>>> print(open('start.pdb').read())   # PDB, C-alpha atoms
ATOM      1  CA  MET A   1     -36.255   3.137 -28.209  1.00  0.00           C
ATOM      2  CA  LYS A   2     -36.061   1.333 -24.869  1.00  0.00           C
ATOM      3  CA  GLN A   3     -38.066   2.769 -21.992  1.00  0.00           C
ATOM      4  CA  GLU A   4     -34.979   3.659 -19.944  1.00  0.00           C
ATOM      5  CA  ASP A   5     -33.354   5.298 -22.982  1.00  0.00           C
ATOM      6  CA  THR A   6     -36.484   7.375 -23.551  1.00  0.00           C
ATOM      7  CA  LYS A   7     -36.597   8.385 -19.898  1.00  0.00           C
ATOM      8  CA  GLN A   8     -32.986   9.547 -19.998  1.00  0.00           C
ATOM      9  CA  LYS A   9     -33.563  11.439 -23.250  1.00  0.00           C
ATOM     10  CA  ILE A  10     -36.525  13.218 -21.646  1.00  0.00           C
ATOM     11  CA  LEU A  11     -34.264  14.314 -18.786  1.00  0.00           C
ATOM     12  CA  ASP A  12     -31.506  15.411 -21.159  1.00  0.00           C
ATOM     13  CA  LYS A  13     -33.800  17.447 -23.395  1.00  0.00           C
ATOM     14  CA  ALA A  14     -35.696  18.937 -20.466  1.00  0.00           C
ATOM     15  CA  LEU A  15     -32.427  20.085 -18.878  1.00  0.00           C
ATOM     16  CA  GLU A  16     -31.284  21.562 -22.178  1.00  0.00           C
ATOM     17  CA  LEU A  17     -34.530  23.533 -22.488  1.00  0.00           C
ATOM     18  CA  PHE A  18     -34.773  24.530 -18.810  1.00  0.00           C
ATOM     19  CA  SER A  19     -31.178  25.804 -18.777  1.00  0.00           C
ATOM     20  CA  ALA A  20     -31.797  27.984 -21.824  1.00  0.00           C
ATOM     21  CA  GLN A  21     -35.332  29.237 -21.208  1.00  0.00           C
ATOM     22  CA  GLY A  22     -36.188  28.599 -17.557  1.00  0.00           C
ATOM     23  CA  TYR A  23     -38.595  26.084 -16.073  1.00  0.00           C
ATOM     24  CA  ASP A  24     -41.783  28.116 -16.422  1.00  0.00           C
ATOM     25  CA  ALA A  25     -41.162  28.976 -20.070  1.00  0.00           C
ATOM     26  CA  VAL A  26     -40.934  25.328 -21.182  1.00  0.00           C
ATOM     27  CA  SER A  27     -44.015  23.185 -21.677  1.00  0.00           C
ATOM     28  CA  VAL A  28     -44.357  19.417 -21.516  1.00  0.00           C
ATOM     29  CA  GLY A  29     -45.247  19.534 -25.200  1.00  0.00           C
ATOM     30  CA  GLU A  30     -41.946  21.250 -26.042  1.00  0.00           C
ATOM     31  CA  ILE A  31     -40.008  18.617 -24.129  1.00  0.00           C
ATOM     32  CA  ALA A  32     -41.884  15.834 -25.919  1.00  0.00           C
ATOM     33  CA  ARG A  33     -41.205  17.396 -29.337  1.00  0.00           C
ATOM     34  CA  ALA A  34     -37.505  17.737 -28.517  1.00  0.00           C
ATOM     35  CA  VAL A  35     -37.411  14.049 -27.579  1.00  0.00           C
ATOM     36  CA  GLY A  36     -39.386  13.047 -30.673  1.00  0.00           C
ATOM     37  CA  ILE A  37     -42.435  11.637 -28.913  1.00  0.00           C
ATOM     38  CA  LYS A  38     -46.034  12.717 -28.326  1.00  0.00           C
ATOM     39  CA  ALA A  39     -46.868  14.543 -25.092  1.00  0.00           C
ATOM     40  CA  PRO A  40     -49.143  11.706 -23.839  1.00  0.00           C
ATOM     41  CA  SER A  41     -46.228   9.293 -24.255  1.00  0.00           C
ATOM     42  CA  LEU A  42     -44.075  11.456 -22.018  1.00  0.00           C
ATOM     43  CA  TYR A  43     -46.535  10.885 -19.183  1.00  0.00           C
ATOM     44  CA  ASN A  44     -45.738   7.172 -19.376  1.00  0.00           C
ATOM     45  CA  HIS A  45     -42.350   8.096 -17.919  1.00  0.00           C
ATOM     46  CA  PHE A  46     -43.035  11.143 -15.725  1.00  0.00           C
ATOM     47  CA  ALA A  47     -46.276  12.203 -14.078  1.00  0.00           C
ATOM     48  CA  SER A  48     -45.647  15.928 -14.569  1.00  0.00           C
ATOM     49  CA  LYS A  49     -43.122  18.587 -15.483  1.00  0.00           C
ATOM     50  CA  GLN A  50     -42.366  18.952 -11.771  1.00  0.00           C
ATOM     51  CA  ALA A  51     -41.556  15.237 -11.649  1.00  0.00           C
ATOM     52  CA  ILE A  52     -39.060  15.769 -14.471  1.00  0.00           C
ATOM     53  CA  PHE A  53     -37.475  18.635 -12.547  1.00  0.00           C
ATOM     54  CA  ASP A  54     -37.291  16.560  -9.357  1.00  0.00           C
ATOM     55  CA  ALA A  55     -35.668  13.692 -11.274  1.00  0.00           C
ATOM     56  CA  LEU A  56     -33.083  16.106 -12.680  1.00  0.00           C
ATOM     57  CA  VAL A  57     -32.179  17.291  -9.185  1.00  0.00           C
ATOM     58  CA  GLU A  58     -31.715  13.710  -7.994  1.00  0.00           C
ATOM     59  CA  SER A  59     -29.873  12.366 -11.031  1.00  0.00           C
ATOM     60  CA  THR A  60     -27.501  15.324 -11.276  1.00  0.00           C
ATOM     61  CA  ALA A  61     -26.568  15.038  -7.602  1.00  0.00           C
ATOM     62  CA  ALA A  62     -25.816  11.333  -8.134  1.00  0.00           C
ATOM     63  CA  GLN A  63     -23.714  12.071 -11.216  1.00  0.00           C
ATOM     64  CA  TYR A  64     -21.734  14.787  -9.421  1.00  0.00           C
ATOM     65  CA  ALA A  65     -21.031  12.452  -6.495  1.00  0.00           C
ATOM     66  CA  ALA A  66     -19.868   9.649  -8.802  1.00  0.00           C
ATOM     67  CA  ASP A  67     -17.675  11.875 -10.969  1.00  0.00           C
ATOM     68  CA  THR A  68     -15.979  13.766  -8.133  1.00  0.00           C
ATOM     69  CA  ASP A  69     -15.330  10.482  -6.336  1.00  0.00           C
ATOM     70  CA  ARG A  70     -12.736   9.776  -9.031  1.00  0.00           C
ATOM     71  CA  ILE A  71     -10.619  12.709  -7.849  1.00  0.00           C
ATOM     72  CA  ASN A  72     -11.187  12.070  -4.129  1.00  0.00           C
ATOM     73  CA  ILE A  73     -13.513  14.993  -3.539  1.00  0.00           C
ATOM     74  CA  HIS A  74     -16.713  14.163  -1.657  1.00  0.00           C
ATOM     75  CA  VAL A  75     -18.545  17.387  -0.913  1.00  0.00           C
ATOM     76  CA  GLN A  76     -21.095  15.487   1.150  1.00  0.00           C
ATOM     77  CA  ASN A  77     -18.441  13.989   3.460  1.00  0.00           C
ATOM     78  CA  ALA A  78     -15.587  16.130   4.781  1.00  0.00           C
ATOM     79  CA  ALA A  79     -14.347  13.378   7.132  1.00  0.00           C
ATOM     80  CA  GLN A  80     -13.761  11.079   4.165  1.00  0.00           C
ATOM     81  CA  ASP A  81     -11.466  13.623   2.502  1.00  0.00           C
ATOM     82  CA  ILE A  82      -9.361  14.808   5.440  1.00  0.00           C
ATOM     83  CA  PRO A  83      -6.520  12.387   4.565  1.00  0.00           C
ATOM     84  CA  VAL A  84      -6.504  13.772   1.011  1.00  0.00           C
ATOM     85  CA  PHE A  85      -5.746  17.275   2.289  1.00  0.00           C
ATOM     86  CA  THR A  86      -3.304  16.284   5.024  1.00  0.00           C
ATOM     87  CA  GLU A  87       0.205  17.529   4.187  1.00  0.00           C
ATOM     88  CA  ILE A  88      -0.914  18.617   0.738  1.00  0.00           C
ATOM     89  CA  THR A  89       1.200  21.121  -1.209  1.00  0.00           C
ATOM     90  CA  ALA A  90      -0.112  24.331  -2.696  1.00  0.00           C
ATOM     91  CA  GLU A  91       0.364  22.982  -6.209  1.00  0.00           C
ATOM     92  CA  ALA A  92      -1.382  19.717  -5.395  1.00  0.00           C
ATOM     93  CA  LEU A  93      -4.233  21.682  -3.839  1.00  0.00           C
ATOM     94  CA  PHE A  94      -4.548  23.826  -6.950  1.00  0.00           C
ATOM     95  CA  GLU A  95      -4.623  20.697  -9.117  1.00  0.00           C
ATOM     96  CA  LYS A  96      -7.599  19.400  -7.108  1.00  0.00           C
ATOM     97  CA  VAL A  97      -9.400  22.729  -7.400  1.00  0.00           C
ATOM     98  CA  ARG A  98      -8.565  23.002 -11.109  1.00  0.00           C
ATOM     99  CA  GLN A  99     -10.072  19.589 -11.827  1.00  0.00           C
ATOM    100  CA  ILE A 100     -13.314  20.476 -10.030  1.00  0.00           C
ATOM    101  CA  PHE A 101     -13.388  23.907 -11.690  1.00  0.00           C
ATOM    102  CA  GLU A 102     -12.975  22.535 -15.224  1.00  0.00           C
ATOM    103  CA  TYR A 103     -15.373  19.669 -14.566  1.00  0.00           C
ATOM    104  CA  SER A 104     -18.012  22.118 -13.343  1.00  0.00           C
ATOM    105  CA  LEU A 105     -17.609  24.208 -16.481  1.00  0.00           C
ATOM    106  CA  HIS A 106     -17.281  21.511 -19.135  1.00  0.00           C
ATOM    107  CA  ASN A 107     -19.445  18.629 -18.013  1.00  0.00           C
ATOM    108  CA  GLU A 108     -22.550  19.396 -20.060  1.00  0.00           C
ATOM    109  CA  THR A 109     -25.063  18.048 -17.552  1.00  0.00           C
ATOM    110  CA  ILE A 110     -23.472  19.737 -14.540  1.00  0.00           C
ATOM    111  CA  SER A 111     -23.039  23.024 -16.385  1.00  0.00           C
ATOM    112  CA  ARG A 112     -26.602  23.055 -17.704  1.00  0.00           C
ATOM    113  CA  PHE A 113     -28.008  22.178 -14.301  1.00  0.00           C
ATOM    114  CA  ARG A 114     -26.138  25.057 -12.678  1.00  0.00           C
ATOM    115  CA  ARG A 115     -27.386  27.480 -15.336  1.00  0.00           C
ATOM    116  CA  MET A 116     -30.925  26.190 -14.843  1.00  0.00           C
ATOM    117  CA  MET A 117     -30.708  26.692 -11.094  1.00  0.00           C
ATOM    118  CA  THR A 118     -29.225  30.163 -11.561  1.00  0.00           C
ATOM    119  CA  ILE A 119     -32.438  31.067 -13.381  1.00  0.00           C
ATOM    120  CA  GLU A 120     -34.802  29.089 -11.168  1.00  0.00           C
ATOM    121  CA  GLN A 121     -33.528  30.458  -7.845  1.00  0.00           C
ATOM    122  CA  PHE A 122     -35.697  33.525  -8.498  1.00  0.00           C
ATOM    123  CA  ARG A 123     -38.835  31.553  -9.318  1.00  0.00           C
ATOM    124  CA  SER A 124     -39.744  30.319  -5.862  1.00  0.00           C
ATOM    125  CA  PRO A 125     -38.527  30.341  -2.257  1.00  0.00           C
ATOM    126  CA  GLU A 126     -38.128  26.534  -2.402  1.00  0.00           C
ATOM    127  CA  LEU A 127     -35.798  26.702  -5.389  1.00  0.00           C
ATOM    128  CA  ALA A 128     -33.902  29.629  -3.896  1.00  0.00           C
ATOM    129  CA  ALA A 129     -33.295  27.494  -0.796  1.00  0.00           C
ATOM    130  CA  LEU A 130     -32.209  24.567  -2.964  1.00  0.00           C
ATOM    131  CA  TYR A 131     -29.769  26.789  -4.855  1.00  0.00           C
ATOM    132  CA  SER A 132     -28.280  28.134  -1.610  1.00  0.00           C
ATOM    133  CA  GLN A 133     -28.013  24.662  -0.108  1.00  0.00           C
ATOM    134  CA  ARG A 134     -26.483  23.048  -3.176  1.00  0.00           C
ATOM    135  CA  TYR A 135     -24.112  25.738  -4.407  1.00  0.00           C
ATOM    136  CA  VAL A 136     -23.182  27.617  -1.247  1.00  0.00           C
ATOM    137  CA  GLU A 137     -24.038  26.052   2.100  1.00  0.00           C
ATOM    138  CA  ARG A 138     -22.917  22.465   1.534  1.00  0.00           C
ATOM    139  CA  ILE A 139     -19.654  23.631  -0.057  1.00  0.00           C
ATOM    140  CA  LEU A 140     -18.937  25.976   2.844  1.00  0.00           C
ATOM    141  CA  LYS A 141     -19.806  23.268   5.369  1.00  0.00           C
ATOM    142  CA  TYR A 142     -17.535  20.762   3.621  1.00  0.00           C
ATOM    143  CA  HIS A 143     -14.515  23.065   3.560  1.00  0.00           C
ATOM    144  CA  ALA A 144     -15.108  24.261   7.123  1.00  0.00           C
ATOM    145  CA  GLY A 145     -15.025  20.601   8.173  1.00  0.00           C
ATOM    146  CA  ILE A 146     -11.726  20.046   6.368  1.00  0.00           C
ATOM    147  CA  PHE A 147     -10.199  23.192   7.856  1.00  0.00           C
ATOM    148  CA  ARG A 148     -11.458  22.369  11.356  1.00  0.00           C
ATOM    149  CA  ALA A 149      -9.685  19.013  11.228  1.00  0.00           C
ATOM    150  CA  LEU A 150      -6.455  20.479   9.852  1.00  0.00           C
ATOM    151  CA  ILE A 151      -6.459  23.217  12.511  1.00  0.00           C
ATOM    152  CA  ALA A 152      -6.955  20.597  15.225  1.00  0.00           C
ATOM    153  CA  ALA A 153      -4.016  18.645  13.797  1.00  0.00           C
ATOM    154  CA  GLY A 154      -1.814  21.760  13.886  1.00  0.00           C
ATOM    155  CA  GLU A 155      -1.530  21.918  10.099  1.00  0.00           C
ATOM    156  CA  MET A 156      -3.252  25.302   9.698  1.00  0.00           C
ATOM    157  CA  CYS A 157      -3.264  28.539  11.634  1.00  0.00           C
ATOM    158  CA  PRO A 158      -5.892  28.473  14.421  1.00  0.00           C
ATOM    159  CA  ASP A 159      -8.502  30.724  12.811  1.00  0.00           C
ATOM    160  CA  ASP A 160     -12.269  30.338  12.571  1.00  0.00           C
ATOM    161  CA  PRO A 161     -12.893  27.493  10.074  1.00  0.00           C
ATOM    162  CA  ASP A 162     -16.264  28.846   8.940  1.00  0.00           C
ATOM    163  CA  THR A 163     -14.737  32.207   8.044  1.00  0.00           C
ATOM    164  CA  LEU A 164     -11.807  30.499   6.333  1.00  0.00           C
ATOM    165  CA  ALA A 165     -14.275  28.487   4.271  1.00  0.00           C
ATOM    166  CA  MET A 166     -15.951  31.694   3.079  1.00  0.00           C
ATOM    167  CA  LEU A 167     -12.575  33.237   2.224  1.00  0.00           C
ATOM    168  CA  TYR A 168     -11.566  30.143   0.279  1.00  0.00           C
ATOM    169  CA  VAL A 169     -14.793  29.246  -1.516  1.00  0.00           C
ATOM    170  CA  SER A 170     -16.191  32.658  -2.487  1.00  0.00           C
ATOM    171  CA  PRO A 171     -13.536  33.510  -5.128  1.00  0.00           C
ATOM    172  CA  VAL A 172     -13.921  30.056  -6.693  1.00  0.00           C
ATOM    173  CA  LEU A 173     -17.690  30.491  -7.045  1.00  0.00           C
ATOM    174  CA  THR A 174     -17.171  33.998  -8.411  1.00  0.00           C
ATOM    175  CA  LEU A 175     -14.763  32.747 -11.089  1.00  0.00           C
ATOM    176  CA  ILE A 176     -17.132  29.957 -12.119  1.00  0.00           C
ATOM    177  CA  GLY A 177     -19.874  32.560 -12.473  1.00  0.00           C
ATOM    178  CA  ILE A 178     -17.654  34.715 -14.691  1.00  0.00           C
ATOM    179  CA  CYS A 179     -16.902  31.734 -16.944  1.00  0.00           C
ATOM    180  CA  ASP A 180     -20.593  30.843 -17.141  1.00  0.00           C
ATOM    181  CA  ARG A 181     -21.325  34.340 -18.435  1.00  0.00           C
ATOM    182  CA  GLN A 182     -18.133  34.844 -20.442  1.00  0.00           C
ATOM    183  CA  PRO A 183     -16.608  31.470 -21.370  1.00  0.00           C
ATOM    184  CA  GLU A 184     -13.875  33.157 -23.377  1.00  0.00           C
ATOM    185  CA  ARG A 185     -12.350  34.296 -20.060  1.00  0.00           C
ATOM    186  CA  GLU A 186     -11.661  30.771 -18.786  1.00  0.00           C
ATOM    187  CA  ARG A 187      -7.881  30.953 -19.142  1.00  0.00           C
ATOM    188  CA  GLU A 188      -7.790  34.273 -17.303  1.00  0.00           C
ATOM    189  CA  CYS A 189      -9.996  32.844 -14.556  1.00  0.00           C
ATOM    190  CA  LEU A 190      -7.794  29.770 -14.189  1.00  0.00           C
ATOM    191  CA  GLU A 191      -4.792  32.040 -13.641  1.00  0.00           C
ATOM    192  CA  LYS A 192      -6.718  33.988 -11.018  1.00  0.00           C
ATOM    193  CA  LEU A 193      -7.790  30.710  -9.430  1.00  0.00           C
ATOM    194  CA  GLN A 194      -4.193  29.578  -9.131  1.00  0.00           C
ATOM    195  CA  ASP A 195      -3.171  32.909  -7.603  1.00  0.00           C
ATOM    196  CA  HIS A 196      -6.046  32.640  -5.121  1.00  0.00           C
ATOM    197  CA  VAL A 197      -5.148  29.091  -4.037  1.00  0.00           C
ATOM    198  CA  ARG A 198      -1.482  29.988  -3.572  1.00  0.00           C
ATOM    199  CA  LEU A 199      -2.303  33.104  -1.555  1.00  0.00           C
ATOM    200  CA  PHE A 200      -4.805  31.278   0.631  1.00  0.00           C
ATOM    201  CA  PHE A 201      -2.312  28.469   1.207  1.00  0.00           C
ATOM    202  CA  ARG A 202       0.380  30.896   2.353  1.00  0.00           C
ATOM    203  CA  MET A 203      -2.083  32.779   4.537  1.00  0.00           C
ATOM    204  CA  VAL A 204      -3.338  29.745   6.467  1.00  0.00           C
ATOM    205  CA  HIS A 205       0.168  28.428   6.964  1.00  0.00           C
ATOM    206  CA  GLY A 206       1.537  31.579   8.525  1.00  0.00           C
ATOM    207  CA  GLY A 207       2.805  33.125   5.312  1.00  0.00           C
ATOM    208  CA  GLY A 208       5.907  30.983   5.189  1.00  0.00           C
ATOM    209  CA  SER A 209       4.997  28.087   2.908  1.00  0.00           C
ATOM    210  CA  GLN A 210       5.775  28.225  -0.781  1.00  0.00           C
ATOM    211  CA  GLY A 211       3.977  26.532  -3.647  1.00  0.00           C
ATOM    212  CA  GLY A 212       5.865  23.249  -3.710  1.00  0.00           C
ATOM    213  CA  GLU A 213       6.525  22.859   0.007  1.00  0.00           C
ATOM    214  CA  ARG A 214       4.528  20.770   2.404  1.00  0.00           C
ATOM    215  CA  HIS A 215       3.104  22.410   5.448  1.00  0.00           C
ATOM    216  CA  ALA A 216       4.143  21.216   8.855  1.00  0.00           C
TER
END
>>> encode(input="start.pdb", output="structure tokens")
Amino acid sequence: MKQEDTKQKILDKALELFSAQGYDAVSVGEIARAVGIKAPSLYNHFASKQAIFDALVESTAAQYAADTDRINIHVQNAAQDIPVFTEITAEALFEKVRQIFEYSLHNETISRFRRMMTIEQFRSPELAALYSQRYVERILKYHAGIFRALIAAGEMCPDDPDTLAMLYVSPVLTLIGICDRQPERERECLEKLQDHVRLFFRMVHGGGSQGGERHA
């Protein structure tokens, strides 16, 4: 097996184990056995278990950025996406949200990483901060930036963009959490997601826009 292939397999198996058992419960030896190598060989690729964890954080962020780029969603850069959301319809908005929602649930790496971080947020203050930054704060900041620009352009009601971001994002995160715990409820959650997007759309456009209409 090539060195890069082995390195990637270490990351894949470590994420699989961390997401099921938690970081502290998994040893370097267990990761090595899952990969099919001896523990000393693992250290040829990573200096420690913490180094594996750090590499997972970095590689998963890069994968998420690359994958969401294909549907014109760049959570790190609200300014880049403002044209995407200009004069969007409610149904087109839901389609964007649906794609992100299903990707978050069904991409194995992204899903496992989120489950791992759900466990690890209680292990240390540093990981709790990372969880908040990655799964709450940056998403709120991104949407507040989008809403701020659309309000300035007269395309949304002039309300506080940070509060609007909380109103918009919180139900989406809640529904993802439900599906993580009860995957059999995905269809139900998708219906609730669509209802949420439509209601939010009408609310921020003065209650007069309908699903297929463009806002002014």
>>> closest_residue(input="start.pdb", among="A:Tyr168, A:Phe53, A:Phe113, A:Phe147", to="Ser19 (chain A)", atoms="all atoms listed in the file")
A:Phe113
>>> residues_around(input="start.pdb", residues="region 72-77 of chain A", least_positions_apart="3", cutoff="12 Å", atoms="all atoms listed in the file", output="compact mmCIF listing (two decimals) with C-alpha atoms, in the coordinates of the input")
# COMPACT_ATOMS: atom_id res chain seq x y z
CA ALA A 61 -26.57 15.04 -7.60
CA ALA A 62 -25.82 11.33 -8.13
CA TYR A 64 -21.73 14.79 -9.42
CA ALA A 65 -21.03 12.45 -6.50
CA ALA A 66 -19.87 9.65 -8.80
CA ASP A 67 -17.68 11.88 -10.97
CA THR A 68 -15.98 13.77 -8.13
CA ASP A 69 -15.33 10.48 -6.34
CA GLN A 80 -13.76 11.08 4.16
CA ASP A 81 -11.47 13.62 2.50
CA ILE A 82 -9.36 14.81 5.44
CA PRO A 83 -6.52 12.39 4.57
CA VAL A 84 -6.50 13.77 1.01
CA PHE A 85 -5.75 17.27 2.29
CA LEU A 93 -4.23 21.68 -3.84
CA GLU A 95 -4.62 20.70 -9.12
CA LYS A 96 -7.60 19.40 -7.11
CA VAL A 97 -9.40 22.73 -7.40
CA GLN A 99 -10.07 19.59 -11.83
CA ILE A 100 -13.31 20.48 -10.03
CA GLN A 133 -28.01 24.66 -0.11
CA ARG A 134 -26.48 23.05 -3.18
CA TYR A 135 -24.11 25.74 -4.41
CA VAL A 136 -23.18 27.62 -1.25
CA GLU A 137 -24.04 26.05 2.10
CA ARG A 138 -22.92 22.46 1.53
CA ILE A 139 -19.65 23.63 -0.06
CA LEU A 140 -18.94 25.98 2.84
CA LYS A 141 -19.81 23.27 5.37
CA TYR A 142 -17.54 20.76 3.62
CA HIS A 143 -14.52 23.06 3.56
CA ALA A 144 -15.11 24.26 7.12
CA GLY A 145 -15.02 20.60 8.17
CA ILE A 146 -11.73 20.05 6.37
>>> residues_around(input="start.pdb", residues="Val26 (chain A)", least_positions_apart="6", cutoff="10 Å", atoms="all atoms listed in the file", output="PyMOL selection string")
chain A and resi 14+17-18+20+49
>>> residues_around(input="start.pdb", residues="Pro158 (chain A)", least_positions_apart="6", cutoff="10 Å", atoms="all atoms listed in the file", output="PyMOL selection string")
chain A and resi 147-148+150-152+204-206
>>> resolve_selection(input="start.pdb", expression="the PyMOL selection byres ((chain A and resi 116) around 12)", output="PDB file with C-alpha atoms, keeping the file's coordinate frame")
ATOM      1  CA  ALA A  14     -35.696  18.937 -20.466  1.00  0.00           C
ATOM      2  CA  LEU A  15     -32.427  20.085 -18.878  1.00  0.00           C
ATOM      3  CA  GLU A  16     -31.284  21.562 -22.178  1.00  0.00           C
ATOM      4  CA  LEU A  17     -34.530  23.533 -22.488  1.00  0.00           C
ATOM      5  CA  PHE A  18     -34.773  24.530 -18.810  1.00  0.00           C
ATOM      6  CA  SER A  19     -31.178  25.804 -18.777  1.00  0.00           C
ATOM      7  CA  ALA A  20     -31.797  27.984 -21.824  1.00  0.00           C
ATOM      8  CA  GLN A  21     -35.332  29.237 -21.208  1.00  0.00           C
ATOM      9  CA  GLY A  22     -36.188  28.599 -17.557  1.00  0.00           C
ATOM     10  CA  TYR A  23     -38.595  26.084 -16.073  1.00  0.00           C
ATOM     11  CA  ASP A  24     -41.783  28.116 -16.422  1.00  0.00           C
ATOM     12  CA  ALA A  25     -41.162  28.976 -20.070  1.00  0.00           C
ATOM     13  CA  VAL A  26     -40.934  25.328 -21.182  1.00  0.00           C
ATOM     14  CA  PHE A  53     -37.475  18.635 -12.547  1.00  0.00           C
ATOM     15  CA  LEU A  56     -33.083  16.106 -12.680  1.00  0.00           C
ATOM     16  CA  VAL A  57     -32.179  17.291  -9.185  1.00  0.00           C
ATOM     17  CA  THR A  60     -27.501  15.324 -11.276  1.00  0.00           C
ATOM     18  CA  GLU A 108     -22.550  19.396 -20.060  1.00  0.00           C
ATOM     19  CA  THR A 109     -25.063  18.048 -17.552  1.00  0.00           C
ATOM     20  CA  ILE A 110     -23.472  19.737 -14.540  1.00  0.00           C
ATOM     21  CA  SER A 111     -23.039  23.024 -16.385  1.00  0.00           C
ATOM     22  CA  ARG A 112     -26.602  23.055 -17.704  1.00  0.00           C
ATOM     23  CA  PHE A 113     -28.008  22.178 -14.301  1.00  0.00           C
ATOM     24  CA  ARG A 114     -26.138  25.057 -12.678  1.00  0.00           C
ATOM     25  CA  ARG A 115     -27.386  27.480 -15.336  1.00  0.00           C
ATOM     26  CA  MET A 117     -30.708  26.692 -11.094  1.00  0.00           C
ATOM     27  CA  THR A 118     -29.225  30.163 -11.561  1.00  0.00           C
ATOM     28  CA  ILE A 119     -32.438  31.067 -13.381  1.00  0.00           C
ATOM     29  CA  GLU A 120     -34.802  29.089 -11.168  1.00  0.00           C
ATOM     30  CA  GLN A 121     -33.528  30.458  -7.845  1.00  0.00           C
ATOM     31  CA  PHE A 122     -35.697  33.525  -8.498  1.00  0.00           C
ATOM     32  CA  ARG A 123     -38.835  31.553  -9.318  1.00  0.00           C
ATOM     33  CA  LEU A 127     -35.798  26.702  -5.389  1.00  0.00           C
ATOM     34  CA  ALA A 128     -33.902  29.629  -3.896  1.00  0.00           C
ATOM     35  CA  TYR A 131     -29.769  26.789  -4.855  1.00  0.00           C
ATOM     36  CA  ASP A 180     -20.593  30.843 -17.141  1.00  0.00           C
TER      37      ASP A 180
END
>>> atom_distance(input="start.pdb", atom1="CA of Asp160 (chain A)", atom2="CA of Phe94 (chain A)")
22.0 Å
>>> residues_around(input="start.pdb", residues="Glu4 (chain A)", least_positions_apart="6", cutoff="12 Å", atoms="only C-alpha atoms", output="list in words")
Ile10, Leu11, Asn44, His45 and Phe46 of chain A
>>> closest_residue(input="start.pdb", among="A:Cys157, A:Leu105, A:Ala34, A:Ala90", to="Cys189 (chain A)", atoms="all atoms listed in the file")
A:Leu105
>>> closest_residue(input="start.pdb", among="A:Ser48, A:Ser59, A:Ser41, A:Thr89", to="Phe200 (chain A)", atoms="all atoms listed in the file")
A:Thr89
>>> closest_residue(input="start.pdb", among="A:Met156, A:Ile52, A:Leu193, A:Leu130", to="Leu173 (chain A)", atoms="only C-alpha atoms")
A:Leu193
>>> axis_aligned_box(input="start.pdb", around="region 169-181 of chain A", padding_each_side="3 Å", output="JSON")
{"center_x": -17.4, "center_y": 32.0, "center_z": -10.0, "size_x": 13.8, "size_y": 11.5, "size_z": 22.9}
>>> atom_distance(input="start.pdb", atom1="CA of Arg33 (chain A)", atom2="CA of Pro183 (chain A)")
29.4 Å
>>> atom_distance(input="start.pdb", atom1="CA of Glu191 (chain A)", atom2="CA of Asp159 (chain A)")
26.7 Å
>>> build_atoms(input="start.pdb", residues="region 86-97 of chain A", atoms="N, CA and C atoms", output="JSON list (two decimals), in the frame of the given file")
[["chain", "number", "residue", "atom", "x", "y", "z"],
["A", 86, "THR", "N", -4.36, 16.28, 4.02],
["A", 86, "THR", "CA", -3.30, 16.28, 5.02],
["A", 86, "THR", "C", -1.94, 16.36, 4.33],
["A", 87, "GLU", "N", -1.13, 17.32, 4.73],
["A", 87, "GLU", "CA", 0.20, 17.53, 4.19],
["A", 87, "GLU", "C", 0.20, 17.72, 2.68],
["A", 88, "ILE", "N", -0.84, 18.32, 2.17],
["A", 88, "ILE", "CA", -0.91, 18.62, 0.74],
["A", 88, "ILE", "C", -0.08, 19.85, 0.43],
["A", 89, "THR", "N", 0.47, 19.93, -0.78],
["A", 89, "THR", "CA", 1.20, 21.12, -1.21],
["A", 89, "THR", "C", 0.25, 22.10, -1.87],
["A", 90, "ALA", "N", 0.71, 23.32, -2.02],
["A", 90, "ALA", "CA", -0.11, 24.33, -2.70],
["A", 90, "ALA", "C", -0.41, 23.93, -4.13],
["A", 91, "GLU", "N", 0.58, 23.36, -4.81],
["A", 91, "GLU", "CA", 0.36, 22.98, -6.21],
["A", 91, "GLU", "C", -0.58, 21.79, -6.32],
["A", 92, "ALA", "N", -0.46, 20.86, -5.39],
["A", 92, "ALA", "CA", -1.38, 19.72, -5.40],
["A", 92, "ALA", "C", -2.80, 20.17, -5.07],
["A", 93, "LEU", "N", -2.92, 21.14, -4.17],
["A", 93, "LEU", "CA", -4.23, 21.68, -3.84],
["A", 93, "LEU", "C", -4.84, 22.37, -5.06],
["A", 94, "PHE", "N", -4.04, 23.17, -5.75],
["A", 94, "PHE", "CA", -4.55, 23.83, -6.95],
["A", 94, "PHE", "C", -4.99, 22.79, -7.99],
["A", 95, "GLU", "N", -4.24, 21.72, -8.13],
["A", 95, "GLU", "CA", -4.62, 20.70, -9.12],
["A", 95, "GLU", "C", -5.99, 20.11, -8.79],
["A", 96, "LYS", "N", -6.28, 19.88, -7.51],
["A", 96, "LYS", "CA", -7.60, 19.40, -7.11],
["A", 96, "LYS", "C", -8.68, 20.42, -7.47],
["A", 97, "VAL", "N", -8.43, 21.68, -7.13],
["A", 97, "VAL", "CA", -9.40, 22.73, -7.40],
["A", 97, "VAL", "C", -9.59, 22.90, -8.91]]
